[in-house]
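**Student:** I'd like to ask some things about the structure below.
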Amino acid sequence: MQAAPAPPPFSEPAVAAAPASGRGASLHALLRELYPVPRSLTGDGVRQTLQLLQRRLLPGLVLHEVPSGTPVLDWTVPAEWRLRDAYVATAEGERIIDWHAHNLHVLGYSQPVQSWLTLDELRPHLHALPAQPELIPYRTSYYHANWGFCVSQRQLDALNEPLYEVCIDAELDPTGSLTYGELLLPGEVDDEVLISCHICHPSLANDNLSGLVVAAHLAAALGQQPHRLSYRFLFVPGTIGSITWLSRQTPASLARIRHGLVATLLGGPGAFTYKRTRLGRADIDRVVAQVLRRGGYPHELRDFVPYGYDERQYCSPGFDLPVGCLSRTPHGEFPEYHTSADNCDFVQPDQLAESLQLYEEVLRVLEGNQRYQNRQPYGEPQLGRRGLYGAVKGQGNPRQAEMALLWTLSYSDGQHDLLAIAERSGLPFEVIRRAADQLQAADLLAPLPATA
Amino acid sequence: MQAAPAPPPFSEPAVAAAPASGRGASLHALLRELYPVPRSLTGDGVRQTLQLLQRRLLPGLVLHEVPSGTPVLDWTVPAEWRLRDAYVATAEGERIIDWHAHNLHVLGYSQPVQSWLTLDELRPHLHALPAQPELIPYRTSYYHANWGFCVSQRQLDALNEPLYEVCIDAELDPTGSLTYGELLLPGEVDDEVLISCHICHPSLANDNLSGLVVAAHLAAALGQQPHRLSYRFLFVPGTIGSITWLSRQTPASLARIRHGLVATLLGGPGAFTYKRTRLGRADIDRVVAQVLRRGGYPHELRDFVPYGYDERQYCSPGFDLPVGCLSRTPHGEFPEYHTSADNCDFVQPDQLAESLQLYEEVLRVLEGNQRYQNRQPYGEPQLGRRGLYGAVKGQGNPRQAEMALLWTLSYSDGQHDLLAIAERSGLPFEVIRRAADQLQAADLLAPLPATA
Amino acid sequence: MQAAPAPPPFSEPAVAAAPASGRGASLHALLRELYPVPRSLTGDGVRQTLQLLQRRLLPGLVLHEVPSGTPVLDWTVPAEWRLRDAYVATAEGERIIDWHAHNLHVLGYSQPVQSWLTLDELRPHLHALPAQPELIPYRTSYYHANWGFCVSQRQLDALNEPLYEVCIDAELDPTGSLTYGELLLPGEVDDEVLISCHICHPSLANDNLSGLVVAAHLAAALGQQPHRLSYRFLFVPGTIGSITWLSRQTPASLARIRHGLVATLLGGPGAFTYKRTRLGRADIDRVVAQVLRRGGYPHELRDFVPYGYDERQYCSPGFDLPVGCLSRTPHGEFPEYHTSADNCDFVQPDQLAESLQLYEEVLRVLEGNQRYQNRQPYGEPQLGRRGLYGAVKGQGNPRQAEMALLWTLSYSDGQHDLLAIAERSGLPFEVIRRAADQLQAADLLAPLPATA
């Protein structure tokens, strides 16, 4: 016990510094500030969002612009969508559907239109939710030329004029670009943890401003302290953004990514849900499962499904990156999903703060989880003369800290990492991590390189 | 969806063409025609049986004759048994046990005998079933010189004469031969499916005329349509027949056998029973389990046991062929087993038809189960511009057919065949098979060779 | 059946010769004789114990003396402890704590002391059990210079004198030695079974005179009969003894150890407990589990924990020997543990005899468990013409002995040992073992070398 090791990088107190309530308030304030920005796959809404993150929390965030028309893997960067105005008005000029009232009113990536239409002509372009008549749905048509409005069923039912003025003052600029944000926090080693969130949804709070603000706070906290691993945060438009980013990587840069999480849906009321990587055997799968279980969080573990968020791209079989998705209630499984009810009231500060805390606990285990080689593997080393073991014997099992030393020595055989030893022993990861520090300080353990 | 692929070989409609009732009638008619033929390991009964199959359904069936005395693996082809007459008669000349009344009355492979015996001398040669006093048992003594009669306990109890004439007019001809039938249906590839049934039992309907008529109909149907795999049907006397056939194969010919089933006991009332291959890890084990489960058939899966039918020989460790046994209630587990109660009433047309249908479903999965390589494995390919994906997004999970495309792309990584993808996704095999066809037509999948 | 094989080495009758009651009496008599000997890590108590084993049962037992100060792995052989007298007396000279009354009264490895102390000065050197006020605890301080007495709480509470004479007439001789006993019983092959027990505890019957007397009787019985494997018995002081022995081995000598058991706590009333080897995949793990299960012994199987007895040293990752620990109720889980209540009444003759019988059954399976190669692996060999199979067929499943022949032939493929075949078939190991003997006699099986 005497041989106190150097404090571990990214240690517990530093991360959990701010009181949860204070952090919840900070998370929610940022979310409210971002809520009204009109985001889409491309355009100024995305740029404003990223610039706001730069100003508030992440001065080092780099904004990348990739020209429309650039081939990216099997896809092409789309034209940049610029929306200036959009409404449906009566002959009297009353705007009965107005984009300025709610971002969701316009079908994402609508083509420009300026016309007078009968109700029958207009109706195929109106999207509503008959089962949730008060809510505006969220709809897009990114890769199929179209235009439309999203309205509540109540609004739709009230339409009774013979003729409407329809205006979508938009531009699909083939000389524009797609914007994404990237932040690298170099650590002691090049091995990287990838945290990715999608930023393309307009005024939807849980999907995915919640992921965005949690990721941004996580990055800000990490930037304040030393850490062993390197961290790469991606703020990308969904699907095309991760595909664009992937298309610009080299095999060597991708090989550095040892763990990854897609951060999304982190503000709703539901239990945590972890979706495993494609093959389900990555370290991140074991780490998240362990943290959720040991932390006593209500949660569900699910196998990979090739539908969801950007883990679809990271886990595609050619890349096969070890990226899971850690959310609360998944997409499509809560009634507010992709509607105007996914707003700033639906997402609560405490829920955001708890999500942030969970991500921090996961990173803490990733930081601490290494493989070691027992340097005195022939018989047990004599811990007593190193001050690591009690003196009078015969009173039954040793203390937990002593048992942790024995477990760590016994299984530091090159096959087990500290997490495996924690799982095998039933002891908390932190206790095993501390034992490894003591043993390393006593020259009884040597770190092994991460497995390829 | 537009890019309609070529219709798969051995497609659903073709196989299921005849209505089940019509097929049941056809199966049962053949069974009734074969029932009275006096079969044994060798002799004209086997030849007549195979010739009848040739005439009725399988003109391409080849009859092989292997001379008695030929060494076959650890065995020797036995003398050919020719039985002309067999009876026990009273002094008055009344035939109280008569082979012409029922084939089962004679112990199989009885030596010739012509003698007058007291009841006490005769009794050790009479086999009956005290617990089933109305039934004649089926008994043989192929490899141990003996003679005997099988009678009902009721008949046995009625014997009260002092002296009986005993006659078995039989010949064990060392210049005879063993006969078996073989039919090869070449497919697009050399990989073979082996379907084997034993044909040596006399008037027993379930064991194994049921397997014989199902196999023959299966072969006839396959002969009418294109198929990817090659199919080899064996109609062999039990044990010595499969050993004889195996002894005549080359390592190269055996290596072509990728899957196999022993077809037996397919007409009784019981649930299906699948007995796995020796090591239980063959494709056929997964395929049959999947078809039984997804088809909702009441069934039982059992591990290999080194007793049963000719799978014992195919699965012997030197050959270790991937051959399972797919039956209804297994041998010895129904009261009619190896008695005169296993007759044409015990086997019902619908049971035979359902067995045939199950075999066809198994073959359909074997036909369709291939491994593919995703040709655009870096990120998801853009399905929308290939017409494979819906346009307006945001409404929750895609349709089953779209999910099948994503599953198939995600796991076509060289490690998973389509059956594994069906199991992993929970989608029906046919839906995954169809997705693979669409993706191959869109040049997004390339077939991989079967694993060695 | 006729081809009777040579009787297997170490056959059933020889081992189970003595009636259990007689053996229980013999075991318990030796235990009572050893109980009063004042043992410790080193010293004459250990020598007397080993010499008594030599005289009574094991004339071939070799006593090794290793000088104090010898470096052994990460440890050093301690000074030899010689205790001549120890007491606490009143001013009137009344010995109120007296080593001669009970060995446990002295803290093991106490430094010499001769002094007058107040009760307050004495009290930190007195160890008692408040929750078990009648019992004397067992305590040691081997590697931390100290002195002390162990007393019942009742004794402790009665102390009320102002001043006590304290005397520990002991010597820690740096020119002494550590003593351990070793007995090798060579078998037909060099592959060894290691049986190890700790002998350093003074008057404690279950921990570990029980292990000591069971191991000694086991060795004596083995010495009376032929056996295939070699057996190495170690009687060592705990921890430092096994470390000392390990330090004197060569890689080649350690490589001969194919199976091992630490024998301890074999006389208490509890169910058997088997603690697996470190990785839990050794043959000994399968064998003990099978013997416990098939023998109908109440028992518990536990994974390895890096605390306990000398298996900690044998299983340390550098050696990683396949050594489990087979005991009754484990250390610390019964109230008599490490107290004066662990005496000759606590350990009963029948419990010792049953433990001995279990160890013999385990060795019988180890002796008989080999891998074979089927020499006629292509199809089934014709057992009938070798007299191994019944003649008239058709009456259902063969007898157990015939099934055992088929199982053994089918799975003697180089991958399965006889134990695996017994587990797979559900047949008793002895039945499979007998089948292998018959098949080997018929030249149908050939033994394979043990796997490395």
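How things are named: the first chain in the structure tokens is A, the next is B, and so on; residues count from 1 in each chain; ligands count from 1 in the order shown.
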Write out as a PyMOL selection string every residue belonging to chain B that has an atom at most 9 Å from any atom of chain C, counting only C-alpha atoms.
**Tutor:** chain B and resi 73-75+137-144+146+239+242-243+246-247+278+305-308+312-320+331-332+337-338
**Student:** Could you please take those selected residues and save C-alpha atoms as a JSON list (two decimals), in the first residue's frame?
**Tutor:**
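As written to disk, selection-v2.json reads:
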```json
[["chain", "number", "residue", "atom", "x", "y", "z"],
["B", 73, "LEU", "CA", -14.17, -52.67, -46.01],
["B", 74, "ASP", "CA", -14.11, -54.91, -42.92],
["B", 75, "TRP", "CA", -16.95, -57.05, -44.26],
["B", 137, "PRO", "CA", -42.12, -60.01, -35.10],
["B", 138, "TYR", "CA", -39.44, -59.24, -37.70],
["B", 139, "ARG", "CA", -36.20, -61.08, -37.05],
["B", 140, "THR", "CA", -33.05, -61.80, -39.06],
["B", 141, "SER", "CA", -29.81, -63.72, -38.68],
["B", 142, "TYR", "CA", -27.65, -62.42, -41.49],
["B", 143, "TYR", "CA", -24.19, -63.22, -40.23],
["B", 144, "HIS", "CA", -24.81, -66.23, -37.99],
["B", 146, "ASN", "CA", -29.46, -70.21, -38.24],
["B", 239, "THR", "CA", -25.45, -51.77, -43.23],
["B", 242, "SER", "CA", -23.92, -48.72, -47.48],
["B", 243, "ILE", "CA", -20.63, -50.43, -46.60],
["B", 246, "LEU", "CA", -18.64, -46.82, -49.51],
["B", 247, "SER", "CA", -16.03, -49.45, -50.37],
["B", 278, "ARG", "CA", -21.39, -37.36, -35.70],
["B", 305, "VAL", "CA", -25.70, -41.96, -31.44],
["B", 306, "PRO", "CA", -23.64, -44.73, -33.08],
["B", 307, "TYR", "CA", -26.68, -46.93, -33.53],
["B", 308, "GLY", "CA", -29.52, -46.57, -36.00],
["B", 312, "ARG", "CA", -23.59, -45.21, -38.78],
["B", 313, "GLN", "CA", -21.51, -46.10, -41.81],
["B", 314, "TYR", "CA", -21.44, -42.70, -43.52],
["B", 315, "CYS", "CA", -20.49, -41.03, -40.22],
["B", 316, "SER", "CA", -17.86, -43.61, -39.21],
["B", 317, "PRO", "CA", -14.79, -41.62, -38.24],
["B", 318, "GLY", "CA", -12.73, -42.60, -41.29],
["B", 319, "PHE", "CA", -15.34, -41.22, -43.68],
["B", 320, "ASP", "CA", -17.01, -38.72, -41.38],
["B", 331, "HIS", "CA", -36.70, -47.01, -34.49],
["B", 332, "GLY", "CA", -37.83, -48.89, -31.44],
["B", 337, "TYR", "CA", -41.80, -51.22, -34.89],
["B", 338, "HIS", "CA", -40.50, -54.44, -36.46]]
```
**Student:** Can you list, as number ranges by chain, every residue of range 52-282 of chain B that DSSP puts in alpha helix (DSSP H)?
**Tutor:** B: 52-56, 119-122, 153-158, 211-223, 240-247, 251-255
**Student:** Just asking: which residues within range 175-395 of chain A are strand (DSSP E or B) according to DSSP, as a PyMOL selection string?
**Tutor:** chain A and resi 177-185+192-198+230-236+257-263+272-275+299-302+323-327+339+371-374+393
